[in-house]
>>> print(open('my_file31.cif').read())   # mmCIF, C-alpha atoms
data_work
loop_
_atom_site.label_atom_id
_atom_site.label_comp_id
_atom_site.auth_asym_id
_atom_site.auth_seq_id
_atom_site.Cartn_x
_atom_site.Cartn_y
_atom_site.Cartn_z
CA VAL A 1 282.76 122.55 -96.83
CA VAL A 2 279.94 124.59 -95.36
CA VAL A 3 276.19 124.23 -95.18
CA VAL A 4 273.88 127.19 -95.57
CA VAL A 5 270.75 126.96 -93.44
CA VAL A 6 267.90 129.26 -94.38
CA VAL A 7 265.29 129.94 -91.75
CA VAL A 8 261.98 131.44 -92.81
CA VAL A 9 259.66 132.84 -90.15
CA VAL A 10 256.11 133.68 -91.15
CA VAL A 11 253.98 135.66 -88.72
CA VAL A 12 250.36 136.44 -89.39
CA VAL A 13 249.13 139.61 -87.71
CA VAL A 14 245.39 139.93 -87.49
CA GLY A 15 243.94 143.38 -87.11
CA GLY A 16 241.26 145.55 -88.48
CA GLY A 17 239.39 142.59 -89.90
CA GLN A 18 242.12 141.89 -92.47
CA GLY A 19 245.10 139.57 -92.30
CA ALA A 20 248.58 140.82 -93.07
CA THR A 21 251.44 138.41 -93.57
CA CYS A 22 255.00 139.37 -92.63
CA THR A 23 257.86 137.21 -93.69
CA GLY A 24 261.35 137.34 -92.25
CA LEU A 25 264.33 135.60 -93.78
CA TRP A 26 267.54 134.72 -92.01
CA SER A 27 270.48 132.77 -93.36
CA LEU A 28 273.04 131.02 -91.22
CA THR A 29 276.23 129.48 -92.51
CA LEU A 30 277.42 126.48 -90.52
CA PRO A 31 280.69 124.67 -91.14
CA LEU A 32 280.27 121.01 -91.86
CA ARG A 33 282.20 119.13 -89.19
CA PRO A 34 282.65 115.46 -88.58
CA PRO A 35 280.12 113.98 -86.15
CA ARG A 36 280.96 114.36 -82.48
CA SER A 37 280.09 112.34 -79.48
CA HIS A 38 277.05 113.52 -77.48
CA ARG A 39 277.66 116.26 -74.97
CA THR A 40 275.47 118.33 -72.67
CA SER A 41 275.22 122.06 -73.33
CA THR A 42 275.68 124.42 -70.43
CA GLN A 43 274.15 127.39 -72.34
CA ASN A 44 270.73 128.71 -71.44
CA ALA A 45 267.91 129.04 -73.95
CA THR A 46 268.59 132.74 -74.68
CA GLU A 47 272.24 132.08 -75.55
CA ILE A 48 271.30 129.23 -77.90
CA PHE A 49 268.62 131.40 -79.57
CA SER A 50 271.09 134.25 -80.02
CA GLY A 51 273.79 131.98 -81.46
CA PHE A 52 271.38 130.41 -83.95
CA PHE A 53 269.50 133.51 -85.19
CA GLY A 54 272.09 136.18 -84.48
CA THR A 55 269.65 137.90 -82.12
CA ALA A 56 268.02 136.96 -78.85
CA ASN A 57 264.56 137.82 -80.23
CA PRO A 58 263.98 137.46 -83.98
CA PHE A 59 260.32 138.35 -83.43
CA ALA A 60 261.16 141.96 -82.49
CA ASP A 61 260.91 142.95 -86.20
CA PHE A 62 257.24 142.01 -86.15
CA GLY A 63 256.21 144.23 -83.26
CA PHE A 64 256.58 141.82 -80.35
CA GLY A 65 258.93 144.12 -78.45
CA GLU A 66 262.11 142.97 -76.75
CA SER A 67 260.72 139.84 -75.11
CA VAL A 68 260.02 136.47 -76.66
CA PRO A 69 256.22 136.00 -76.98
CA PHE A 70 254.56 133.66 -74.46
CA ALA A 71 257.80 133.53 -72.40
CA SER A 72 256.04 134.60 -69.20
CA ARG A 73 253.51 131.83 -69.67
CA LEU A 74 256.29 129.28 -70.13
CA ARG A 75 258.00 130.41 -66.92
CA ARG A 76 254.81 130.14 -64.83
CA PRO A 77 255.26 127.56 -62.01
CA GLY A 78 253.05 124.49 -61.86
CA PRO A 79 250.78 123.39 -58.98
CA LYS A 80 252.48 123.28 -55.57
CA LYS A 81 252.55 120.08 -53.51
CA MET A 82 251.19 120.84 -50.05
CA ASP A 83 253.04 119.80 -46.87
CA PRO A 84 252.01 116.43 -45.36
CA VAL A 85 249.25 116.36 -42.74
CA VAL A 86 250.56 114.30 -39.78
CA LYS A 87 248.27 112.67 -37.20
CA ASP A 88 248.88 110.26 -34.30
CA LEU A 89 247.46 106.72 -34.40
CA PRO A 90 247.07 105.57 -30.74
CA CYS A 91 247.33 101.79 -30.19
CA SER A 92 247.23 99.72 -27.02
CA LEU A 93 250.00 97.28 -26.18
CA GLU A 94 247.57 94.40 -26.82
CA GLU A 95 246.86 95.77 -30.34
CA LEU A 96 250.57 96.02 -31.08
CA PHE A 97 251.11 92.48 -29.75
CA ASN A 98 248.25 90.75 -31.56
CA GLY A 99 247.81 93.09 -34.55
CA CYS A 100 244.59 94.91 -35.43
CA VAL A 101 242.71 96.83 -38.12
CA LYS A 102 242.05 100.56 -37.61
CA LYS A 103 239.38 102.38 -39.62
CA ILE A 104 239.63 106.16 -39.71
CA LYS A 105 237.08 108.57 -41.16
CA VAL A 106 238.55 111.74 -42.68
CA THR A 107 236.82 114.77 -44.23
CA ARG A 108 238.63 116.81 -46.89
CA LYS A 109 237.90 119.32 -49.66
CA ARG A 110 237.23 117.85 -53.09
CA TYR A 111 236.15 119.27 -56.47
CA THR A 112 232.79 118.21 -57.92
CA PRO A 113 232.45 117.57 -61.68
CA GLU A 114 231.04 121.11 -61.86
CA GLY A 115 234.26 122.53 -60.36
CA GLU A 116 232.86 123.36 -56.92
CA LEU A 117 234.82 122.64 -53.73
CA VAL A 118 232.82 120.61 -51.21
CA ASP A 119 233.50 118.55 -48.07
CA GLU A 120 233.88 114.83 -48.80
CA ALA A 121 234.17 112.04 -46.21
CA LYS A 122 236.26 108.94 -46.77
CA ALA A 123 237.07 105.90 -44.63
CA LEU A 124 240.74 104.89 -44.50
CA THR A 125 241.82 101.42 -43.36
CA ILE A 126 245.13 100.75 -41.60
CA THR A 127 246.25 97.17 -40.88
CA VAL A 128 248.55 97.21 -37.84
CA LYS A 129 250.90 94.21 -37.95
CA PRO A 130 251.98 92.37 -34.78
CA GLY A 131 255.19 93.84 -33.43
CA TRP A 132 254.91 97.31 -34.98
CA LYS A 133 256.70 99.94 -32.90
CA LYS A 134 255.76 103.47 -31.95
CA GLY A 135 256.89 105.93 -34.61
CA THR A 136 255.90 103.64 -37.50
CA LYS A 137 254.40 105.79 -40.30
CA VAL A 138 251.51 104.92 -42.63
CA THR A 139 251.09 107.30 -45.61
CA PHE A 140 248.04 107.89 -47.82
CA PRO A 141 249.28 109.88 -50.86
CA SER A 142 247.31 112.97 -51.97
CA GLU A 143 244.39 112.39 -49.60
CA GLY A 144 244.43 115.97 -48.27
CA ASP A 145 242.37 118.95 -49.40
CA GLU A 146 242.13 119.85 -53.07
CA GLY A 147 242.31 123.51 -54.10
CA PRO A 148 243.31 125.86 -56.91
CA ASN A 149 246.88 125.47 -58.13
CA ILE A 150 247.83 122.90 -55.50
CA VAL A 151 248.52 119.17 -55.34
CA PRO A 152 246.67 117.64 -52.33
CA ALA A 153 248.83 116.86 -49.30
CA ASP A 154 249.66 113.34 -48.14
CA LEU A 155 247.98 112.07 -44.97
CA VAL A 156 250.56 110.53 -42.61
CA PHE A 157 249.57 108.55 -39.50
CA VAL A 158 252.28 108.00 -36.87
CA LEU A 159 251.81 105.05 -34.52
CA ALA A 160 251.66 106.02 -30.83
CA GLU A 161 251.77 103.51 -27.96
CA LYS A 162 249.29 103.75 -25.09
CA PRO A 163 250.67 103.00 -21.59
CA HIS A 164 249.83 99.58 -20.13
CA ALA A 165 248.79 98.98 -16.52
CA LYS A 166 251.18 96.07 -15.83
CA LEU A 167 253.62 95.64 -18.70
CA LYS A 168 256.12 97.96 -20.35
CA ARG A 169 257.70 97.63 -23.76
CA GLU A 170 261.43 98.12 -24.29
CA GLY A 171 262.25 97.49 -27.94
CA ASN A 172 261.22 93.89 -28.62
CA ASN A 173 261.13 92.99 -24.91
CA LEU A 174 258.32 93.14 -22.38
CA VAL A 175 259.11 94.16 -18.80
CA TYR A 176 257.08 93.13 -15.76
CA THR A 177 257.89 94.42 -12.27
CA ALA A 178 256.95 91.95 -9.53
CA ARG A 179 256.36 93.15 -5.97
CA ILE A 180 257.61 90.54 -3.46
CA SER A 181 258.31 90.45 0.25
CA LEU A 182 261.77 90.10 1.76
CA ALA A 183 260.86 86.57 2.87
CA ASP A 184 259.98 85.64 -0.75
CA ALA A 185 263.20 87.22 -1.96
CA LEU A 186 265.26 85.07 0.42
CA THR A 187 263.34 81.83 -0.04
CA ASP A 188 261.55 79.99 -2.84
CA CYS A 189 258.62 81.79 -4.46
CA SER A 190 256.54 81.76 -7.64
CA ILE A 191 255.74 84.91 -9.63
CA PRO A 192 252.42 85.19 -11.55
CA VAL A 193 252.91 87.21 -14.75
CA PRO A 194 250.05 88.34 -17.05
CA THR A 195 250.51 88.19 -20.83
CA LEU A 196 249.10 90.27 -23.69
CA ASP A 197 247.35 87.28 -25.27
CA GLY A 198 245.25 86.45 -22.20
CA ARG A 199 247.48 83.84 -20.55
CA SER A 200 248.99 83.89 -17.05
CA LEU A 201 252.50 82.58 -16.48
CA SER A 202 253.72 81.17 -13.17
CA ILE A 203 257.47 81.79 -13.01
CA PRO A 204 259.37 79.90 -10.23
CA CYS A 205 262.15 81.78 -8.42
CA PRO A 206 264.15 79.31 -6.29
CA GLU A 207 267.15 81.63 -6.31
CA VAL A 208 267.78 84.44 -3.85
CA VAL A 209 266.44 87.67 -5.33
CA SER A 210 268.74 90.58 -4.57
CA PRO A 211 268.07 94.27 -5.34
CA GLY A 212 268.59 94.94 -9.05
CA TYR A 213 268.23 91.27 -10.01
CA GLU A 214 266.38 90.47 -13.26
CA LYS A 215 264.97 87.19 -14.53
CA GLU A 216 264.57 86.62 -18.29
CA ILE A 217 262.08 84.33 -20.02
CA GLY A 218 262.88 83.80 -23.70
CA ASP A 219 260.30 83.97 -26.50
CA GLU A 220 257.67 85.65 -24.30
CA GLY A 221 258.26 89.24 -25.48
CA MET A 222 256.85 91.22 -28.40
CA PRO A 223 256.53 89.66 -31.87
CA LEU A 224 259.19 90.66 -34.38
CA SER A 225 257.37 92.20 -37.36
CA LYS A 226 260.27 91.48 -39.74
CA LYS A 227 260.75 87.90 -38.46
CA PRO A 228 257.34 86.19 -38.28
CA GLY A 229 257.23 83.51 -35.60
CA SER A 230 260.01 85.10 -33.53
CA ARG A 231 259.51 87.02 -30.32
CA GLY A 232 261.55 89.03 -27.86
CA THR A 233 262.20 88.37 -24.17
CA LEU A 234 260.06 88.75 -21.07
CA VAL A 235 262.11 90.51 -18.39
CA ILE A 236 260.98 90.25 -14.76
CA ARG A 237 262.24 92.93 -12.41
CA PHE A 238 261.66 92.88 -8.65
CA ASN A 239 260.47 95.40 -6.15
CA ILE A 240 261.44 93.92 -2.76
CA VAL A 241 259.26 95.12 0.11
CA PHE A 242 261.14 95.28 3.43
CA PRO A 243 259.29 95.00 6.76
CA GLU A 244 258.65 98.24 8.57
CA TYR A 245 259.39 96.78 12.04
CA LEU A 246 261.20 93.78 13.56
CA SER A 247 261.15 92.79 17.21
CA GLN A 248 264.44 92.42 19.06
CA PRO A 249 264.27 88.60 19.25
CA ASN A 250 263.59 88.43 15.48
CA LYS A 251 266.54 90.70 14.83
CA VAL A 252 268.80 88.44 16.88
CA GLN A 253 267.54 85.39 15.02
CA LEU A 254 268.03 87.01 11.63
CA ARG A 255 271.52 88.14 12.54
CA LYS A 256 272.46 84.58 13.48
CA LEU A 257 270.96 83.18 10.28
CA LEU A 258 272.48 85.80 7.99
CA SER A 259 275.89 86.13 9.64
CA PRO A 260 278.85 85.03 7.48
CA GLY A 261 279.53 81.30 7.87
CA SER A 262 276.23 80.61 9.62
CA ALA A 263 274.79 78.85 6.59
CA ALA A 264 277.73 76.44 6.40
CA ALA A 265 277.59 75.40 10.09
CA PRO A 266 275.25 72.47 10.81
CA PRO A 267 272.39 73.22 13.19
CA PRO A 268 272.91 72.03 16.79
CA ALA A 269 271.13 68.80 17.82
CA PRO A 270 268.06 69.25 20.00
CA LEU A 271 268.66 68.66 23.75
CA GLU A 272 265.80 66.17 23.96
CA GLU A 273 267.40 63.96 21.31
CA GLU A 274 270.78 64.01 23.11
CA LYS A 275 269.15 63.06 26.41
CA ALA A 276 267.24 60.24 24.74
CA VAL A 277 270.47 58.83 23.35
CA GLU A 278 272.14 58.90 26.80
CA ASP A 279 269.21 57.05 28.40
CA THR A 280 269.51 54.18 25.93
CA GLN A 281 273.14 53.57 26.73
#
>>> encode(input="my_file31.cif", output="structure tokens")
Amino acid sequence: VVVVVVVVVVVVVVGGGQGATCTGLWSLTLPLRPPRSHRTSTQNATEIFSGFFGTANPFADFGFGESVPFASRLRRPGPKKMDPVVKDLPCSLEELFNGCVKKIKVTRKRYTPEGELVDEAKALTITVKPGWKKGTKVTFPSEGDEGPNIVPADLVFVLAEKPHAKLKREGNNLVYTARISLADALTDCSIPVPTLDGRSLSIPCPEVVSPGYEKEIGDEGMPLSKKPGSRGTLVIRFNIVFPEYLSQPNKVQLRKLLSPGSAAAPPPAPLEEEKAVEDTQ
């Protein structure tokens, strides 16, 4: 069983003030087959056209030449998306700790209703959340310049961290370097530490502070943006200042105090106390 498909193409050619109608007739015999499941064709449009009409261009008989009419217009590319415009967004450590709102004024090219390109100013608002890290990107789609045959670029702001005078950020932790004397390192001392929310911490150090030693204070670091209410760690590092000069008697005393086993030996009793005990007997 076959099916005969008749295709009639009517083309009206206008010229010389009069209309002339040309009619082309093609017949195509297709075998009637049982329905098939859907499949995707790998043929291009020209191959499909040729298989259906028996020619790649049935319009050639009407004076259109060897190319399909309007094909060049169909192949014309659309507007091109411009590359993103990337700018830094500087923030202080206090702004990243507490959060802030940044307002940025940008000027870009925009079309008027009359089709003229003019400069247009716009204020953009960025809400910086507590705990954001450097490298965080905020994107404003299609806020770049308009122009012929283009799609405006995206504006991308990349968070940059300003250096702080006393504190340094390492991930979610804050690092403070305390400058202490050798005497403080060997005996009890208290370290004042500034915070980014205006407080001042007094951290006791009863332990002996050796070179490279670090003291950690939990929940006093940077806020965690993805875990509201949680914070990192405050890390205290020490810069131990040694004396530039010691007298010979002080050196002898220090050697006795710091010699191995000297701390375990009890101090000798004063001579005055021993003599007083002998007199009472």
>>> atom_distance(input="my_file31.cif", atom1="atom CA of Lys103 of chain A", atom2="atom CA of Lys168 of chain A")
25.9 Å
>>> closest_residue(input="my_file31.cif", among="A:Pro79, A:Gly51, A:Pro260, A:Pro228", to="Val151 of chain A", atoms="only C-alpha atoms")
A:Pro79
>>> resolve_selection(input="my_file31.cif", expression="the PyMOL selection byres ((chain A and resi 106-123) around 10)", output="ChimeraX atom specification")
/A:103-105,124-125,143-148,152,155
>>> closest_residue(input="my_file31.cif", among="A:Pro194, A:Gly212, A:Pro141, A:Gly218", to="Val85 of chain A", atoms="all atoms listed in the file")
A:Pro141
>>> residues_around(input="my_file31.cif", residues="segment 97-101 of chain A", least_positions_apart="6", cutoff="12 Å", atoms="all atoms listed in the file", output="PyMOL selection string")
chain A and resi 89-91+124-133+161+167-169+172-174+195-198+220-225+231-232
>>> resolve_selection(input="my_file31.cif", expression="the PyMOL selection byres ((chain A and resi 158) around 9)", output="ChimeraX atom specification")
/A:86-90,134-139,156-157,159-160
>>> write_last_selection(input="my_file31.cif", atoms="C-alpha atoms", output="short mmCIF file (atom, residue, chain, number, x, y, z; two decimals), in the coordinates of the input")
data_model
loop_
_atom_site.label_atom_id
_atom_site.label_comp_id
_atom_site.auth_asym_id
_atom_site.auth_seq_id
_atom_site.Cartn_x
_atom_site.Cartn_y
_atom_site.Cartn_z
CA VAL A 86 250.56 114.30 -39.78
CA LYS A 87 248.27 112.67 -37.20
CA ASP A 88 248.88 110.26 -34.30
CA LEU A 89 247.46 106.72 -34.40
CA PRO A 90 247.07 105.57 -30.74
CA LYS A 134 255.76 103.47 -31.95
CA GLY A 135 256.89 105.93 -34.61
CA THR A 136 255.90 103.64 -37.50
CA LYS A 137 254.40 105.79 -40.30
CA VAL A 138 251.51 104.92 -42.63
CA THR A 139 251.09 107.30 -45.61
CA VAL A 156 250.56 110.53 -42.61
CA PHE A 157 249.57 108.55 -39.50
CA LEU A 159 251.81 105.05 -34.52
CA ALA A 160 251.66 106.02 -30.83
#
>>> atom_distance(input="my_file31.cif", atom1="atom CA of Pro243 of chain A", atom2="atom CA of Ser200 of chain A")
28.2 Å
>>> atom_distance(input="my_file31.cif", atom1="atom CA of Ser142 of chain A", atom2="atom CA of Leu96 of chain A")
27.1 Å
>>> closest_residue(input="my_file31.cif", among="A:Ser247, A:Ala165, A:Val252, A:Phe242", to="Leu186 of chain A", atoms="all atoms listed in the file")
A:Phe242
>>> residues_around(input="my_file31.cif", residues="Val175 of chain A", least_positions_apart="3", cutoff="10 Å", atoms="all atoms listed in the file", output="PyMOL selection string")
chain A and resi 166-170+178+214+216+221+233-237
>>> write_last_selection(input="my_file31.cif", atoms="C-alpha atoms", output="mmCIF file, keeping the file's coordinate frame")
data_model
loop_
_atom_site.group_PDB
_atom_site.id
_atom_site.type_symbol
_atom_site.label_atom_id
_atom_site.label_comp_id
_atom_site.auth_asym_id
_atom_site.auth_seq_id
_atom_site.Cartn_x
_atom_site.Cartn_y
_atom_site.Cartn_z
ATOM 1 C CA LYS A 166 251.180 96.070 -15.830
ATOM 2 C CA LEU A 167 253.620 95.640 -18.700
ATOM 3 C CA LYS A 168 256.120 97.960 -20.350
ATOM 4 C CA ARG A 169 257.700 97.630 -23.760
ATOM 5 C CA GLU A 170 261.430 98.120 -24.290
ATOM 6 C CA ALA A 178 256.950 91.950 -9.530
ATOM 7 C CA GLU A 214 266.380 90.470 -13.260
ATOM 8 C CA GLU A 216 264.570 86.620 -18.290
ATOM 9 C CA GLY A 221 258.260 89.240 -25.480
ATOM 10 C CA THR A 233 262.200 88.370 -24.170
ATOM 11 C CA LEU A 234 260.060 88.750 -21.070
ATOM 12 C CA VAL A 235 262.110 90.510 -18.390
ATOM 13 C CA ILE A 236 260.980 90.250 -14.760
ATOM 14 C CA ARG A 237 262.240 92.930 -12.410
#
>>> residues_around(input="my_file31.cif", residues="Val209 of chain A", least_positions_apart="6", cutoff="12 Å", atoms="only C-alpha atoms", output="CSV table (one decimal) with C-alpha atoms, keeping the file's coordinate frame")
chain,number,residue,atom,x,y,z
A,178,ALA,CA,257.0,92.0,-9.5
A,179,ARG,CA,256.4,93.2,-6.0
A,180,ILE,CA,257.6,90.5,-3.5
A,181,SER,CA,258.3,90.4,0.2
A,182,LEU,CA,261.8,90.1,1.8
A,183,ALA,CA,260.9,86.6,2.9
A,184,ASP,CA,260.0,85.6,-0.8
A,185,ALA,CA,263.2,87.2,-2.0
A,186,LEU,CA,265.3,85.1,0.4
A,187,THR,CA,263.3,81.8,0.0
A,188,ASP,CA,261.6,80.0,-2.8
A,189,CYS,CA,258.6,81.8,-4.5
A,190,SER,CA,256.5,81.8,-7.6
A,191,ILE,CA,255.7,84.9,-9.6
A,215,LYS,CA,265.0,87.2,-14.5
A,236,ILE,CA,261.0,90.2,-14.8
A,237,ARG,CA,262.2,92.9,-12.4
A,238,PHE,CA,261.7,92.9,-8.6
A,239,ASN,CA,260.5,95.4,-6.2
A,240,ILE,CA,261.4,93.9,-2.8
A,241,VAL,CA,259.3,95.1,0.1
>>> decode(input="my_file31.cif", residues="segment 199-213 of chain A", atoms="N, CA, C and O atoms", output="mmCIF file, in the first residue's frame")
data_model
loop_
_atom_site.group_PDB
_atom_site.id
_atom_site.type_symbol
_atom_site.label_atom_id
_atom_site.label_comp_id
_atom_site.auth_asym_id
_atom_site.auth_seq_id
_atom_site.Cartn_x
_atom_site.Cartn_y
_atom_site.Cartn_z
ATOM 1 N N ARG A 199 35.125 45.558 71.265
ATOM 2 C CA ARG A 199 35.456 45.099 72.607
ATOM 3 C C ARG A 199 36.969 44.951 72.755
ATOM 4 O O ARG A 199 37.712 45.005 71.788
ATOM 5 N N SER A 200 37.417 44.754 73.999
ATOM 6 C CA SER A 200 38.818 44.459 74.279
ATOM 7 C C SER A 200 38.866 43.271 75.235
ATOM 8 O O SER A 200 38.285 43.318 76.317
ATOM 9 N N LEU A 201 39.535 42.222 74.818
ATOM 10 C CA LEU A 201 39.636 41.008 75.619
ATOM 11 C C LEU A 201 40.935 41.028 76.425
ATOM 12 O O LEU A 201 41.976 41.490 75.935
ATOM 13 N N SER A 202 40.872 40.530 77.641
ATOM 14 C CA SER A 202 42.065 40.365 78.466
ATOM 15 C C SER A 202 42.286 38.868 78.649
ATOM 16 O O SER A 202 41.551 38.203 79.379
ATOM 17 N N ILE A 203 43.290 38.333 77.966
ATOM 18 C CA ILE A 203 43.530 36.896 77.926
ATOM 19 C C ILE A 203 44.666 36.540 78.891
ATOM 20 O O ILE A 203 45.819 36.955 78.682
ATOM 21 N N PRO A 204 44.400 35.789 79.975
ATOM 22 C CA PRO A 204 45.472 35.401 80.909
ATOM 23 C C PRO A 204 46.371 34.325 80.302
ATOM 24 O O PRO A 204 45.903 33.422 79.607
ATOM 25 N N CYS A 205 47.672 34.429 80.593
ATOM 26 C CA CYS A 205 48.647 33.436 80.127
ATOM 27 C C CYS A 205 49.504 32.991 81.308
ATOM 28 O O CYS A 205 50.649 33.451 81.475
ATOM 29 N N PRO A 206 48.993 32.090 82.143
ATOM 30 C CA PRO A 206 49.794 31.609 83.278
ATOM 31 C C PRO A 206 50.875 30.611 82.855
ATOM 32 O O PRO A 206 51.801 30.349 83.608
ATOM 33 N N GLU A 207 50.759 30.079 81.661
ATOM 34 C CA GLU A 207 51.719 29.091 81.196
ATOM 35 C C GLU A 207 52.989 29.771 80.681
ATOM 36 O O GLU A 207 52.999 30.966 80.386
ATOM 37 N N VAL A 208 54.040 28.989 80.575
ATOM 38 C CA VAL A 208 55.285 29.484 79.985
ATOM 39 C C VAL A 208 55.093 29.564 78.467
ATOM 40 O O VAL A 208 54.661 28.609 77.822
ATOM 41 N N VAL A 209 55.386 30.736 77.908
ATOM 42 C CA VAL A 209 55.218 30.954 76.472
ATOM 43 C C VAL A 209 56.560 30.728 75.793
ATOM 44 O O VAL A 209 57.508 31.503 75.972
ATOM 45 N N SER A 210 56.648 29.686 75.012
ATOM 46 C CA SER A 210 57.874 29.377 74.285
ATOM 47 C C SER A 210 57.756 29.860 72.843
ATOM 48 O O SER A 210 56.643 30.102 72.352
ATOM 49 N N PRO A 211 58.868 30.020 72.139
ATOM 50 C CA PRO A 211 58.808 30.434 70.726
ATOM 51 C C PRO A 211 57.965 29.469 69.894
ATOM 52 O O PRO A 211 58.113 28.249 69.993
ATOM 53 N N GLY A 212 57.059 30.011 69.100
ATOM 54 C CA GLY A 212 56.171 29.196 68.270
ATOM 55 C C GLY A 212 54.883 28.785 68.955
ATOM 56 O O GLY A 212 54.005 28.186 68.329
ATOM 57 N N TYR A 213 54.739 29.124 70.237
ATOM 58 C CA TYR A 213 53.529 28.739 70.974
ATOM 59 C C TYR A 213 52.344 29.575 70.510
ATOM 60 O O TYR A 213 52.470 30.772 70.221
#
